[in-house]
Amino acid sequence: MNAAHLTPPATLTNPGLVQATIPLASSKSESNRALIIDALTGFRCDLTNLSTARDTQTMIRLLKSEDRNAGPETSDVLDAGTTMRFLTAYFAVTGKQKIMTGTPRMCERPIGILVDALRSLGADITYLKNEGYPPLQLNGFTPSATNRLSIRGDVSSQYISALLMIAPMLPNGLTLELTGAIGSRPYMEMTIEQMIYFGADVQADWEAKTIIVAPKPYTPKPYAIESDWSGASYWYSVAALAKDETAEINLLGLKPKSLQGDSAIVDIMRSLGVESTFTESGVKLTKGTVSDSLAWDFTDCPDLAQTVAVCAAVKGVMLRMTGIESLKIKETDRVAALQAELQKIGAELVELEPNHRYEVHQLPTEHSVPATIKTYDDHRMAMAFAPVVMREEIIIDEPRVVDKSYPSFWDDMAQVAKVQFT
């Protein structure tokens, strides 16, 4: 049973003046990439400010595990998609014998594209249950003559990042040819920038949809992780929904020139009434002018979609969304989850064009208060709906799902609202 199911619901009430300083969680995305690169140097890098998120802590634990039996050791990634994809590639190229598995939902999330690519490079991988899905068994690695792969760019950037990070260790390097549309490109760019920082030779031609990685091992170096822009997005929503016109929230540890694609929240939330001012310690959020409508393509920042959808719904701003196709294969089907839970706060998410174009708008009917929001074992559902407390009492079911990426979230929320576990 997921630990979240053992936690009582969180009732959020009584927002008052909004004046807060938030020591944001560190970036899970940066942490997980740095950990894989560190492992490929023989754990010789000095990594600081690593994320305390469950996904990152799971990766640390599994990287440190040692085989105790003659047969393959089981690596259970729980519900961590990035950890599953990155470790599968890492364990494969380093010749480890492992059984890769996770929660029931993780075993419903596809991994076939990555496995096919790793097999082409020389990995011996077998599926233990359903073809194309975990659990799977890694049986060793014998480098093949293949140094060029073609892979879809519109399914999951995590497959591409996983392959890129192991590429410097391949005897002939790797050239990746991306086919179709390219989704979540900032996450690929984050991977490439971190690889280059650690000494890799990477050339990306986005027009030609080609990434070339030379066979040049990483150089161990110290690296400090930036705070998490995904985590910052919830505080942007708090600022946007606050009735207090003097609201001010200081978010610590953020940089104006970030590797993280979710820093797009600065531009998105400007339309929803939040101004950003960068300071020496991070960024200060204050109230601004609200637009009547907002159209945004979330292809490069899908993890922001839930937060923005909820915020726009509560503010009554017409939101037109594209680029959210990947949400259907996340921790839950996030599109279906939003459609169900937005109804409870008097709004709806309408699919205008199948699997492509959506709209969020308020409903003319009143809704019951307080609404109880289901989280579907999805950390972002809990945190996306929590800022609704700025307008009305709300109950979040299974609130400990936030441990996946932002364990201190409820402690931080207590600065702006009363949080009671009932």
# chains A, B, ... in the order shown; residues from 1 in each chain; ligands from 1
$ residues_around --residues "Ala208 (chain A)" --least-positions-apart "2" --cutoff "10 Å" --atoms "only C-alpha atoms" --output "list in words"
Glu177, Leu178, Thr179, Ala204, Asp205, Trp206, Thr210 and Ile211 of chain A
$ select_by_dssp --residues "region 200-271 of chain A" --states "helix (DSSP H, G or I)" --output "ChimeraX atom specification"
/A:229-241,261-271
$ write_last_selection --atoms "C-alpha atoms" --output "PDB file, in the first residue's frame"
ATOM      1  CA  TRP A 229      10.771  25.635 -10.641  1.00  0.00           C
ATOM      2  CA  SER A 230       8.009  23.012 -10.689  1.00  0.00           C
ATOM      3  CA  GLY A 231       7.682  23.500  -6.940  1.00  0.00           C
ATOM      4  CA  ALA A 232       7.748  27.256  -7.433  1.00  0.00           C
ATOM      5  CA  SER A 233       4.701  27.061  -9.693  1.00  0.00           C
ATOM      6  CA  TYR A 234       2.386  26.297  -6.765  1.00  0.00           C
ATOM      7  CA  TRP A 235       3.475  29.499  -5.046  1.00  0.00           C
ATOM      8  CA  TYR A 236       2.802  31.456  -8.198  1.00  0.00           C
ATOM      9  CA  SER A 237      -0.727  30.054  -8.011  1.00  0.00           C
ATOM     10  CA  VAL A 238      -0.995  31.055  -4.343  1.00  0.00           C
ATOM     11  CA  ALA A 239       0.051  34.596  -5.258  1.00  0.00           C
ATOM     12  CA  ALA A 240      -2.366  34.709  -8.191  1.00  0.00           C
ATOM     13  CA  LEU A 241      -5.329  33.521  -6.103  1.00  0.00           C
ATOM     14  CA  GLY A 261      11.879  24.354 -18.609  1.00  0.00           C
ATOM     15  CA  ASP A 262       9.333  24.979 -15.869  1.00  0.00           C
ATOM     16  CA  SER A 263      10.823  28.439 -15.382  1.00  0.00           C
ATOM     17  CA  ALA A 264       8.253  29.281 -18.092  1.00  0.00           C
ATOM     18  CA  ILE A 265       5.889  29.776 -15.148  1.00  0.00           C
ATOM     19  CA  VAL A 266       7.239  33.349 -14.923  1.00  0.00           C
ATOM     20  CA  ASP A 267       5.718  34.232 -18.302  1.00  0.00           C
ATOM     21  CA  ILE A 268       2.586  32.137 -17.899  1.00  0.00           C
ATOM     22  CA  MET A 269       1.612  33.591 -14.541  1.00  0.00           C
ATOM     23  CA  ARG A 270       2.140  37.158 -15.686  1.00  0.00           C
ATOM     24  CA  SER A 271      -1.170  36.749 -17.552  1.00  0.00           C
TER      25      SER A 271
END
$ atom_distance --atom1 "CA of Val419 (chain A)" --atom2 "CA of Asp228 (chain A)"
22.5 Å
$ residues_around --residues "region 397-409 of chain A" --least-positions-apart "2" --cutoff "10 Å" --atoms "only C-alpha atoms" --output "ChimeraX atom specification"
/A:2-11,22-29,51-58,78-80,228,230-231,234,372-383,386,394-395,411-414,421
$ residues_around --residues "Tyr90 (chain A)" --least-positions-apart "6" --cutoff "9 Å" --atoms "only C-alpha atoms" --output "list in words"
Ile36, Ala39, Leu40, Lys96, Ala162, Leu163, Met165 and Ile166 of chain A
$ atom_distance --atom1 "CA of Tyr218 (chain A)" --atom2 "CA of Met100 (chain A)"
25.4 Å
$ residues_around --residues "Glu351 (chain A)" --least-positions-apart "4" --cutoff "10 Å" --atoms "only C-alpha atoms" --output "count of residues only"
9
$ residues_around --residues "Lys255 (chain A)" --least-positions-apart "4" --cutoff "8 Å" --atoms "only C-alpha atoms" --output "PDB file with C-alpha atoms, in the first residue's frame"
ATOM      1  CA  GLU A 226      19.132  24.754  -8.221  1.00  0.00           C
ATOM      2  CA  PHE A 278      14.608  38.418  -9.258  1.00  0.00           C
ATOM      3  CA  GLY A 282      15.689  34.100  -5.528  1.00  0.00           C
ATOM      4  CA  VAL A 283      12.508  35.675  -6.889  1.00  0.00           C
TER       5      VAL A 283
END
$ residues_around --residues "Arg148 (chain A)" --least-positions-apart "2" --cutoff "10 Å" --atoms "only C-alpha atoms" --output "PyMOL selection string"
chain A and resi 117+120-121+145-146+150-151+172-177+211-212
$ closest_residue --among "A:Leu136, A:Leu128, A:Cys45, A:Met318" --to "Asp76 (chain A)" --atoms "only C-alpha atoms"
A:Leu136
$ atom_distance --atom1 "CA of Gln203 (chain A)" --atom2 "CA of Ile182 (chain A)"
16.5 Å
